[in-house]
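Listing of coords.cif, mmCIF, N, CA and C atoms
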data_structure
loop_
_atom_site.label_atom_id
_atom_site.label_comp_id
_atom_site.auth_asym_id
_atom_site.auth_seq_id
_atom_site.Cartn_x
_atom_site.Cartn_y
_atom_site.Cartn_z
N MET A 260 -30.96 11.11 21.34
CA MET A 260 -30.31 9.85 21.65
C MET A 260 -28.89 10.13 22.11
N ASN A 261 -28.43 9.36 23.04
CA ASN A 261 -27.06 9.47 23.54
C ASN A 261 -26.16 8.59 22.66
N LYS A 262 -25.50 9.22 21.68
CA LYS A 262 -24.68 8.46 20.72
C LYS A 262 -23.45 7.84 21.37
N GLU A 263 -22.89 8.51 22.36
CA GLU A 263 -21.73 7.93 23.06
C GLU A 263 -22.11 6.62 23.73
N LYS A 264 -23.28 6.58 24.36
CA LYS A 264 -23.74 5.34 24.99
C LYS A 264 -24.01 4.28 23.92
N LEU A 265 -24.59 4.68 22.80
CA LEU A 265 -24.84 3.73 21.72
C LEU A 265 -23.53 3.14 21.22
N VAL A 266 -22.51 3.97 21.05
CA VAL A 266 -21.20 3.47 20.61
C VAL A 266 -20.67 2.45 21.60
N ARG A 267 -20.72 2.77 22.88
CA ARG A 267 -20.24 1.82 23.91
C ARG A 267 -21.03 0.52 23.86
N ASP A 268 -22.36 0.64 23.75
CA ASP A 268 -23.21 -0.55 23.71
C ASP A 268 -22.92 -1.41 22.48
N LEU A 269 -22.76 -0.75 21.33
CA LEU A 269 -22.50 -1.51 20.10
C LEU A 269 -21.15 -2.21 20.15
N ILE A 270 -20.14 -1.53 20.69
CA ILE A 270 -18.83 -2.18 20.81
C ILE A 270 -18.94 -3.38 21.76
N ARG A 271 -19.67 -3.21 22.85
CA ARG A 271 -19.87 -4.32 23.78
C ARG A 271 -20.61 -5.47 23.10
N ASP A 272 -21.68 -5.16 22.37
CA ASP A 272 -22.53 -6.20 21.80
C ASP A 272 -21.98 -6.81 20.52
N GLU A 273 -21.38 -5.99 19.68
CA GLU A 273 -20.86 -6.47 18.39
C GLU A 273 -19.41 -6.93 18.50
N GLY A 274 -18.68 -6.32 19.43
CA GLY A 274 -17.24 -6.52 19.49
C GLY A 274 -16.56 -5.60 18.50
N MET A 275 -15.26 -5.52 18.58
CA MET A 275 -14.48 -4.72 17.63
C MET A 275 -13.36 -5.59 17.11
N ARG A 276 -13.34 -5.77 15.78
CA ARG A 276 -12.31 -6.59 15.15
C ARG A 276 -11.69 -5.80 14.01
N THR A 277 -10.39 -5.80 13.95
CA THR A 277 -9.69 -5.08 12.88
C THR A 277 -9.35 -5.99 11.71
N ASP A 278 -9.73 -7.24 11.80
CA ASP A 278 -9.55 -8.16 10.68
C ASP A 278 -10.93 -8.57 10.16
N ILE A 279 -10.97 -9.00 8.93
CA ILE A 279 -12.24 -9.44 8.34
C ILE A 279 -12.59 -10.81 8.93
N TYR A 280 -13.85 -10.94 9.30
CA TYR A 280 -14.32 -12.21 9.83
C TYR A 280 -15.72 -12.49 9.29
N GLU A 281 -16.15 -13.72 9.44
CA GLU A 281 -17.49 -14.11 9.00
C GLU A 281 -18.42 -14.04 10.20
N ASP A 282 -19.51 -13.28 10.08
CA ASP A 282 -20.44 -13.15 11.21
C ASP A 282 -21.32 -14.39 11.32
N THR A 283 -22.27 -14.34 12.23
CA THR A 283 -23.09 -15.53 12.53
C THR A 283 -23.99 -15.96 11.38
N VAL A 284 -24.20 -15.08 10.38
CA VAL A 284 -25.01 -15.47 9.22
C VAL A 284 -24.17 -15.55 7.94
N GLY A 285 -22.84 -15.58 8.10
CA GLY A 285 -21.96 -15.80 6.96
C GLY A 285 -21.56 -14.56 6.19
N LYS A 286 -21.79 -13.38 6.74
CA LYS A 286 -21.43 -12.13 6.06
C LYS A 286 -20.00 -11.74 6.43
N GLN A 287 -19.24 -11.26 5.43
CA GLN A 287 -17.91 -10.74 5.69
C GLN A 287 -18.06 -9.44 6.47
N THR A 288 -17.38 -9.35 7.61
CA THR A 288 -17.60 -8.26 8.55
C THR A 288 -16.26 -7.75 9.06
N ILE A 289 -16.22 -6.47 9.46
CA ILE A 289 -15.01 -5.88 10.03
C ILE A 289 -15.43 -4.78 10.99
N GLY A 290 -14.50 -4.36 11.83
CA GLY A 290 -14.76 -3.25 12.74
C GLY A 290 -15.80 -3.61 13.77
N VAL A 291 -16.78 -2.75 13.95
CA VAL A 291 -17.87 -2.97 14.89
C VAL A 291 -19.10 -3.36 14.06
N GLY A 292 -19.13 -4.60 13.63
CA GLY A 292 -20.28 -5.11 12.90
C GLY A 292 -20.49 -4.55 11.51
N ARG A 293 -19.45 -4.00 10.87
CA ARG A 293 -19.62 -3.48 9.49
C ARG A 293 -19.75 -4.65 8.54
N ASN A 294 -20.92 -4.77 7.93
CA ASN A 294 -21.22 -5.83 6.98
C ASN A 294 -20.61 -5.45 5.63
N LEU A 295 -19.45 -6.01 5.34
CA LEU A 295 -18.78 -5.71 4.07
C LEU A 295 -19.50 -6.35 2.89
N THR A 296 -20.10 -7.49 3.12
CA THR A 296 -20.78 -8.20 2.04
C THR A 296 -21.89 -7.35 1.44
N ASP A 297 -22.71 -6.75 2.28
CA ASP A 297 -23.86 -5.99 1.79
C ASP A 297 -23.61 -4.48 1.71
N ARG A 298 -22.78 -3.93 2.59
CA ARG A 298 -22.61 -2.49 2.65
C ARG A 298 -21.28 -2.03 2.05
N GLY A 299 -20.25 -2.82 2.16
CA GLY A 299 -18.94 -2.40 1.67
C GLY A 299 -18.42 -1.21 2.45
N ILE A 300 -17.69 -0.33 1.77
CA ILE A 300 -17.18 0.90 2.39
C ILE A 300 -17.46 2.05 1.44
N SER A 301 -17.48 3.25 1.97
CA SER A 301 -17.71 4.43 1.15
C SER A 301 -16.40 4.88 0.51
N GLU A 302 -16.51 5.77 -0.48
CA GLU A 302 -15.30 6.35 -1.08
C GLU A 302 -14.49 7.09 -0.03
N ALA A 303 -15.15 7.81 0.86
CA ALA A 303 -14.44 8.54 1.91
C ALA A 303 -13.68 7.58 2.82
N GLU A 304 -14.29 6.45 3.15
CA GLU A 304 -13.59 5.45 3.97
C GLU A 304 -12.42 4.84 3.21
N ALA A 305 -12.60 4.58 1.93
CA ALA A 305 -11.52 4.05 1.11
C ALA A 305 -10.35 5.04 1.04
N MET A 306 -10.66 6.33 0.88
CA MET A 306 -9.61 7.34 0.82
C MET A 306 -8.91 7.49 2.17
N PHE A 307 -9.65 7.37 3.26
CA PHE A 307 -9.07 7.42 4.60
C PHE A 307 -8.08 6.26 4.77
N MET A 308 -8.50 5.06 4.35
CA MET A 308 -7.62 3.90 4.46
C MET A 308 -6.40 4.06 3.55
N LEU A 309 -6.60 4.58 2.34
CA LEU A 309 -5.48 4.80 1.43
C LEU A 309 -4.47 5.75 2.03
N THR A 310 -4.94 6.85 2.60
CA THR A 310 -4.04 7.82 3.24
C THR A 310 -3.24 7.15 4.35
N ASN A 311 -3.90 6.36 5.18
CA ASN A 311 -3.20 5.65 6.24
C ASN A 311 -2.19 4.66 5.68
N ASP A 312 -2.57 3.94 4.63
CA ASP A 312 -1.66 2.96 4.03
C ASP A 312 -0.43 3.63 3.41
N ILE A 313 -0.62 4.79 2.79
CA ILE A 313 0.52 5.52 2.23
C ILE A 313 1.47 5.96 3.35
N GLU A 314 0.93 6.42 4.46
CA GLU A 314 1.77 6.81 5.59
C GLU A 314 2.56 5.62 6.11
N ILE A 315 1.94 4.45 6.17
CA ILE A 315 2.63 3.24 6.62
C ILE A 315 3.77 2.91 5.66
N VAL A 316 3.50 2.97 4.35
CA VAL A 316 4.52 2.68 3.35
C VAL A 316 5.69 3.65 3.48
N GLU A 317 5.38 4.94 3.63
CA GLU A 317 6.45 5.94 3.77
C GLU A 317 7.32 5.66 4.99
N LYS A 318 6.70 5.32 6.10
CA LYS A 318 7.46 5.02 7.32
C LYS A 318 8.33 3.78 7.13
N GLU A 319 7.79 2.76 6.47
CA GLU A 319 8.57 1.55 6.21
C GLU A 319 9.76 1.86 5.30
N LEU A 320 9.53 2.67 4.26
CA LEU A 320 10.63 3.05 3.38
C LEU A 320 11.66 3.87 4.14
N ASP A 321 11.20 4.80 4.99
CA ASP A 321 12.14 5.59 5.80
C ASP A 321 13.01 4.69 6.67
N THR A 322 12.41 3.65 7.22
CA THR A 322 13.12 2.74 8.12
C THR A 322 14.07 1.81 7.36
N ARG A 323 13.61 1.26 6.25
CA ARG A 323 14.37 0.22 5.56
C ARG A 323 15.26 0.74 4.44
N MET A 324 14.94 1.93 3.90
CA MET A 324 15.70 2.52 2.80
C MET A 324 15.86 4.01 3.07
N SER A 325 16.62 4.36 4.08
CA SER A 325 16.68 5.75 4.54
C SER A 325 17.09 6.73 3.45
N TRP A 326 17.70 6.26 2.39
CA TRP A 326 18.18 7.11 1.30
C TRP A 326 17.09 7.50 0.31
N TRP A 327 15.93 6.85 0.35
CA TRP A 327 14.95 6.99 -0.72
C TRP A 327 14.46 8.42 -0.91
N LYS A 328 14.38 9.20 0.16
CA LYS A 328 13.88 10.58 0.04
C LYS A 328 14.96 11.55 -0.46
N THR A 329 16.18 11.05 -0.66
CA THR A 329 17.22 11.90 -1.24
C THR A 329 17.17 11.87 -2.77
N LYS A 330 16.35 11.00 -3.30
CA LYS A 330 16.24 10.84 -4.75
C LYS A 330 15.18 11.77 -5.31
N PRO A 331 15.19 11.99 -6.64
CA PRO A 331 14.19 12.87 -7.26
C PRO A 331 12.76 12.40 -6.97
N ALA A 332 11.83 13.34 -7.06
CA ALA A 332 10.43 13.07 -6.73
C ALA A 332 9.85 11.90 -7.52
N ASP A 333 10.20 11.77 -8.81
CA ASP A 333 9.66 10.67 -9.60
C ASP A 333 10.18 9.32 -9.12
N ILE A 334 11.43 9.27 -8.68
CA ILE A 334 11.97 8.02 -8.11
C ILE A 334 11.22 7.69 -6.83
N GLN A 335 10.99 8.71 -5.99
CA GLN A 335 10.24 8.49 -4.75
C GLN A 335 8.84 7.96 -5.06
N LEU A 336 8.18 8.54 -6.05
CA LEU A 336 6.85 8.06 -6.44
C LEU A 336 6.90 6.61 -6.90
N ALA A 337 7.90 6.29 -7.70
CA ALA A 337 8.03 4.93 -8.21
C ALA A 337 8.25 3.94 -7.08
N LEU A 338 9.15 4.26 -6.16
CA LEU A 338 9.44 3.36 -5.05
C LEU A 338 8.24 3.21 -4.12
N ALA A 339 7.55 4.31 -3.85
CA ALA A 339 6.38 4.24 -2.98
C ALA A 339 5.26 3.42 -3.63
N ASN A 340 5.07 3.58 -4.93
CA ASN A 340 4.05 2.83 -5.65
C ASN A 340 4.38 1.34 -5.61
N MET A 341 5.63 1.00 -5.87
CA MET A 341 6.03 -0.40 -5.83
C MET A 341 5.88 -0.97 -4.42
N ALA A 342 6.30 -0.21 -3.41
CA ALA A 342 6.21 -0.67 -2.03
C ALA A 342 4.75 -0.87 -1.62
N PHE A 343 3.89 0.03 -2.07
CA PHE A 343 2.46 -0.10 -1.77
C PHE A 343 1.92 -1.39 -2.38
N ASN A 344 2.34 -1.67 -3.60
CA ASN A 344 1.84 -2.83 -4.33
C ASN A 344 2.35 -4.15 -3.77
N MET A 345 3.64 -4.22 -3.50
CA MET A 345 4.25 -5.51 -3.15
C MET A 345 4.75 -5.61 -1.72
N GLY A 346 4.79 -4.48 -1.03
CA GLY A 346 5.37 -4.47 0.31
C GLY A 346 6.85 -4.18 0.25
N VAL A 347 7.36 -3.51 1.27
CA VAL A 347 8.77 -3.13 1.31
C VAL A 347 9.67 -4.36 1.33
N PRO A 348 9.37 -5.42 2.10
CA PRO A 348 10.26 -6.59 2.08
C PRO A 348 10.48 -7.16 0.69
N THR A 349 9.42 -7.20 -0.12
CA THR A 349 9.58 -7.71 -1.49
C THR A 349 10.34 -6.71 -2.35
N LEU A 350 10.05 -5.43 -2.20
CA LEU A 350 10.79 -4.40 -2.94
C LEU A 350 12.29 -4.51 -2.66
N LEU A 351 12.66 -4.82 -1.45
CA LEU A 351 14.07 -4.92 -1.09
C LEU A 351 14.78 -6.07 -1.83
N ARG A 352 14.03 -6.98 -2.42
CA ARG A 352 14.63 -8.07 -3.20
C ARG A 352 15.02 -7.62 -4.60
N PHE A 353 14.66 -6.40 -4.98
CA PHE A 353 15.03 -5.86 -6.28
C PHE A 353 16.44 -5.24 -6.18
N HIS A 354 17.40 -6.10 -5.84
CA HIS A 354 18.77 -5.65 -5.54
C HIS A 354 19.39 -4.84 -6.67
N LYS A 355 19.32 -5.35 -7.89
CA LYS A 355 19.95 -4.67 -9.02
C LYS A 355 19.27 -3.34 -9.32
N MET A 356 17.96 -3.31 -9.25
CA MET A 356 17.23 -2.07 -9.50
C MET A 356 17.59 -1.03 -8.45
N LEU A 357 17.58 -1.43 -7.19
CA LEU A 357 17.87 -0.49 -6.11
C LEU A 357 19.31 0.00 -6.17
N ALA A 358 20.23 -0.90 -6.50
CA ALA A 358 21.63 -0.49 -6.64
C ALA A 358 21.78 0.54 -7.75
N ALA A 359 21.07 0.32 -8.85
CA ALA A 359 21.13 1.27 -9.96
C ALA A 359 20.53 2.63 -9.56
N ILE A 360 19.44 2.61 -8.80
CA ILE A 360 18.85 3.86 -8.33
C ILE A 360 19.83 4.60 -7.43
N ILE A 361 20.45 3.90 -6.54
CA ILE A 361 21.42 4.52 -5.63
C ILE A 361 22.54 5.17 -6.42
N GLN A 362 22.95 4.53 -7.53
CA GLN A 362 24.04 5.05 -8.36
C GLN A 362 23.53 6.05 -9.41
N ASP A 363 22.27 6.42 -9.34
CA ASP A 363 21.66 7.35 -10.30
C ASP A 363 21.72 6.84 -11.74
N ASP A 364 21.71 5.53 -11.91
CA ASP A 364 21.67 4.90 -13.22
C ASP A 364 20.21 4.52 -13.50
N ASN A 365 19.43 5.52 -13.86
CA ASN A 365 17.99 5.32 -13.98
C ASN A 365 17.58 4.42 -15.12
N ASP A 366 18.34 4.43 -16.22
CA ASP A 366 18.00 3.54 -17.34
C ASP A 366 18.12 2.08 -16.91
N THR A 367 19.21 1.75 -16.24
CA THR A 367 19.39 0.37 -15.76
C THR A 367 18.34 0.03 -14.72
N ALA A 368 18.04 0.96 -13.83
CA ALA A 368 17.02 0.72 -12.80
C ALA A 368 15.67 0.42 -13.46
N ALA A 369 15.30 1.19 -14.47
CA ALA A 369 14.04 0.96 -15.16
C ALA A 369 14.03 -0.41 -15.85
N GLU A 370 15.14 -0.76 -16.49
CA GLU A 370 15.24 -2.06 -17.14
C GLU A 370 15.10 -3.19 -16.12
N GLN A 371 15.73 -3.03 -14.97
CA GLN A 371 15.65 -4.06 -13.93
C GLN A 371 14.23 -4.19 -13.38
N ALA A 372 13.53 -3.07 -13.25
CA ALA A 372 12.14 -3.14 -12.79
C ALA A 372 11.30 -3.95 -13.78
N LEU A 373 11.54 -3.72 -15.06
CA LEU A 373 10.76 -4.41 -16.10
C LEU A 373 11.17 -5.87 -16.28
N ASP A 374 12.38 -6.21 -15.87
CA ASP A 374 12.88 -7.58 -16.01
C ASP A 374 12.57 -8.36 -14.73
N SER A 375 11.29 -8.50 -14.44
CA SER A 375 10.89 -9.14 -13.19
C SER A 375 9.53 -9.82 -13.35
N LYS A 376 9.29 -10.77 -12.48
CA LYS A 376 7.98 -11.42 -12.44
C LYS A 376 6.90 -10.39 -12.09
N TRP A 377 7.24 -9.44 -11.21
CA TRP A 377 6.30 -8.39 -10.83
C TRP A 377 5.81 -7.64 -12.07
N ALA A 378 6.74 -7.27 -12.98
CA ALA A 378 6.36 -6.53 -14.18
C ALA A 378 5.40 -7.34 -15.03
N GLU A 379 5.61 -8.64 -15.12
CA GLU A 379 4.69 -9.51 -15.86
C GLU A 379 3.31 -9.50 -15.21
N GLN A 380 3.29 -9.47 -13.89
CA GLN A 380 2.02 -9.54 -13.16
C GLN A 380 1.21 -8.25 -13.27
N VAL A 381 1.89 -7.10 -13.25
CA VAL A 381 1.16 -5.82 -13.18
C VAL A 381 1.12 -5.08 -14.50
N GLY A 382 1.86 -5.54 -15.50
CA GLY A 382 1.77 -5.01 -16.86
C GLY A 382 1.98 -3.52 -17.00
N ALA A 383 0.91 -2.81 -17.36
CA ALA A 383 1.01 -1.38 -17.65
C ALA A 383 1.50 -0.58 -16.44
N ARG A 384 1.16 -1.02 -15.27
CA ARG A 384 1.64 -0.33 -14.06
C ARG A 384 3.16 -0.36 -14.03
N ALA A 385 3.76 -1.49 -14.31
CA ALA A 385 5.23 -1.60 -14.31
C ALA A 385 5.84 -0.69 -15.37
N ARG A 386 5.23 -0.63 -16.54
CA ARG A 386 5.74 0.24 -17.59
C ARG A 386 5.67 1.71 -17.19
N ARG A 387 4.58 2.11 -16.54
CA ARG A 387 4.46 3.50 -16.06
C ARG A 387 5.51 3.80 -15.00
N ILE A 388 5.72 2.87 -14.08
CA ILE A 388 6.71 3.08 -13.02
C ILE A 388 8.11 3.11 -13.60
N ALA A 389 8.41 2.23 -14.54
CA ALA A 389 9.73 2.24 -15.18
C ALA A 389 9.96 3.58 -15.89
N GLU A 390 8.94 4.13 -16.51
CA GLU A 390 9.08 5.42 -17.16
C GLU A 390 9.33 6.54 -16.15
N LEU A 391 8.68 6.46 -14.99
CA LEU A 391 8.95 7.42 -13.91
C LEU A 391 10.43 7.37 -13.52
N ILE A 392 10.93 6.15 -13.35
CA ILE A 392 12.33 5.97 -12.97
C ILE A 392 13.25 6.52 -14.05
N ARG A 393 12.98 6.14 -15.29
CA ARG A 393 13.83 6.52 -16.41
C ARG A 393 13.86 8.05 -16.59
N SER A 394 12.73 8.70 -16.39
CA SER A 394 12.63 10.14 -16.66
C SER A 394 13.12 11.02 -15.50
N ALA A 395 13.42 10.42 -14.38
CA ALA A 395 13.82 11.21 -13.19
C ALA A 395 15.19 11.84 -13.37
#
Kindly return the structure encoded in the file as structure tokens.
Amino acid sequence: MNKEKLVRDLIRDEGMRTDIYEDTVGKQTIGVGRNLTDRGISEAEAMFMLTNDIEIVEKELDTRMSWWKTKPADIQLALANMAFNMGVPTLLRFHKMLAAIIQDDNDTAAEQALDSKWAEQVGARARRIAELIRSA
């Protein structure tokens, strides 16, 4: 079978969408007819998407917080984890926490991370991230 021709035909017939949509029988679908409702994605596909998403977060942090990579590795992990979870624009609203990180006041930064609605929402994740910040 000519797989290249099949790929072209399927893209023509199914279309290609990068957003989730409902197909003609009500199934959640993405890409070239990928039925998410019944098939979902594989672990390999999930890891591929995670790797891409981490790269996007790193680029956003590089652009919006150019200083972040000058900090210790645990601070970088904490900031990247938070940015992945809430997005860089929301992370940038943590003014007191970020100011404390810039000043290498990790105890205050950790306290500020925990003194937030985000910490209430994510619970143990916030405590782990605060510990990363505090221990850096």
Find the residues around stretch 315-328 of chain A up to 7 Å (only N, CA and C atoms counted), leave out those fewer than 5 positions away in its own chain, and share them as a VMD selection string. chain A and resid 310 334 to 335 339 342 to 343 347
Two-atom distance - atom CA of A:Leu373, atom CA of A:Leu309 (Å):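 Spanning atom CA of A:Leu373 to atom CA of A:Leu309 is a straight-line distance of 25.6 Å.
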Point out the residue among A:Leu351, A:Val291, A:Thr296, A:Ala395 with the least atom-to-atom distance to A:Asp272, counting only N, CA and C atoms.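 Among the listed residues, the smallest separation from A:Asp272 belongs to A:Val291.
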Taking the chain letters and numbering used in this document, name the residues of stretch 265-384 of chain A that DSSP puts in strand (DSSP E), as a PyMOL selection string. chain A and resi 276-281+287-290+293-294
Straight-line distance linking atom CA of A:Thr277 with atom N of A:Gly290, stated in Å to one decimal: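 Atom CA of A:Thr277 sits 5.0 Å away from atom N of A:Gly290.
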Just how far from atom CA of A:Glu302 is atom C of A:Asp333, in Å to one decimal?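 We find that atom C of A:Asp333 and atom CA of A:Glu302 lie 26.9 Å from each other.
Around A:Ala358, within 8 Å and counting all atoms listed in the file, the residues found are Phe353, Asp363, Asp364, Thr367 and Ala368 of chain A, once anything fewer than 5 positions away on its own chain is removed.
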Go ahead and write the residues just picked, N, CA and C atoms, as an mmCIF file, in the coordinates of the input.
data_model
loop_
_atom_site.group_PDB
_atom_site.id
_atom_site.type_symbol
_atom_site.label_atom_id
_atom_site.label_comp_id
_atom_site.auth_asym_id
_atom_site.auth_seq_id
_atom_site.Cartn_x
_atom_site.Cartn_y
_atom_site.Cartn_z
ATOM 1 N N PHE A 353 14.660 -6.400 -4.980
ATOM 2 C CA PHE A 353 15.030 -5.860 -6.280
ATOM 3 C C PHE A 353 16.440 -5.240 -6.180
ATOM 4 N N ASP A 363 22.270 6.420 -9.340
ATOM 5 C CA ASP A 363 21.660 7.350 -10.300
ATOM 6 C C ASP A 363 21.720 6.840 -11.740
ATOM 7 N N ASP A 364 21.710 5.530 -11.910
ATOM 8 C CA ASP A 364 21.670 4.900 -13.220
ATOM 9 C C ASP A 364 20.210 4.520 -13.500
ATOM 10 N N THR A 367 19.210 1.750 -16.240
ATOM 11 C CA THR A 367 19.390 0.370 -15.760
ATOM 12 C C THR A 367 18.340 0.030 -14.720
ATOM 13 N N ALA A 368 18.040 0.960 -13.830
ATOM 14 C CA ALA A 368 17.020 0.720 -12.800
ATOM 15 C C ALA A 368 15.670 0.420 -13.460
#
Backbone-only DSSP, alpha helix (DSSP H) members of stretch 284-386 of chain A, as an NGL selection string: :A and (302-323 or 332-345 or 347-350 or 354-361 or 365-373 or 376-381 or 383-386)
Name every residue that the PyMOL selection byres ((chain A and resi 370) around 8) selects in this structure, writing the answer as number ranges by chain with chains first and numbers rising. A: 355-356, 364-369, 371-375, 389-390, 392-393
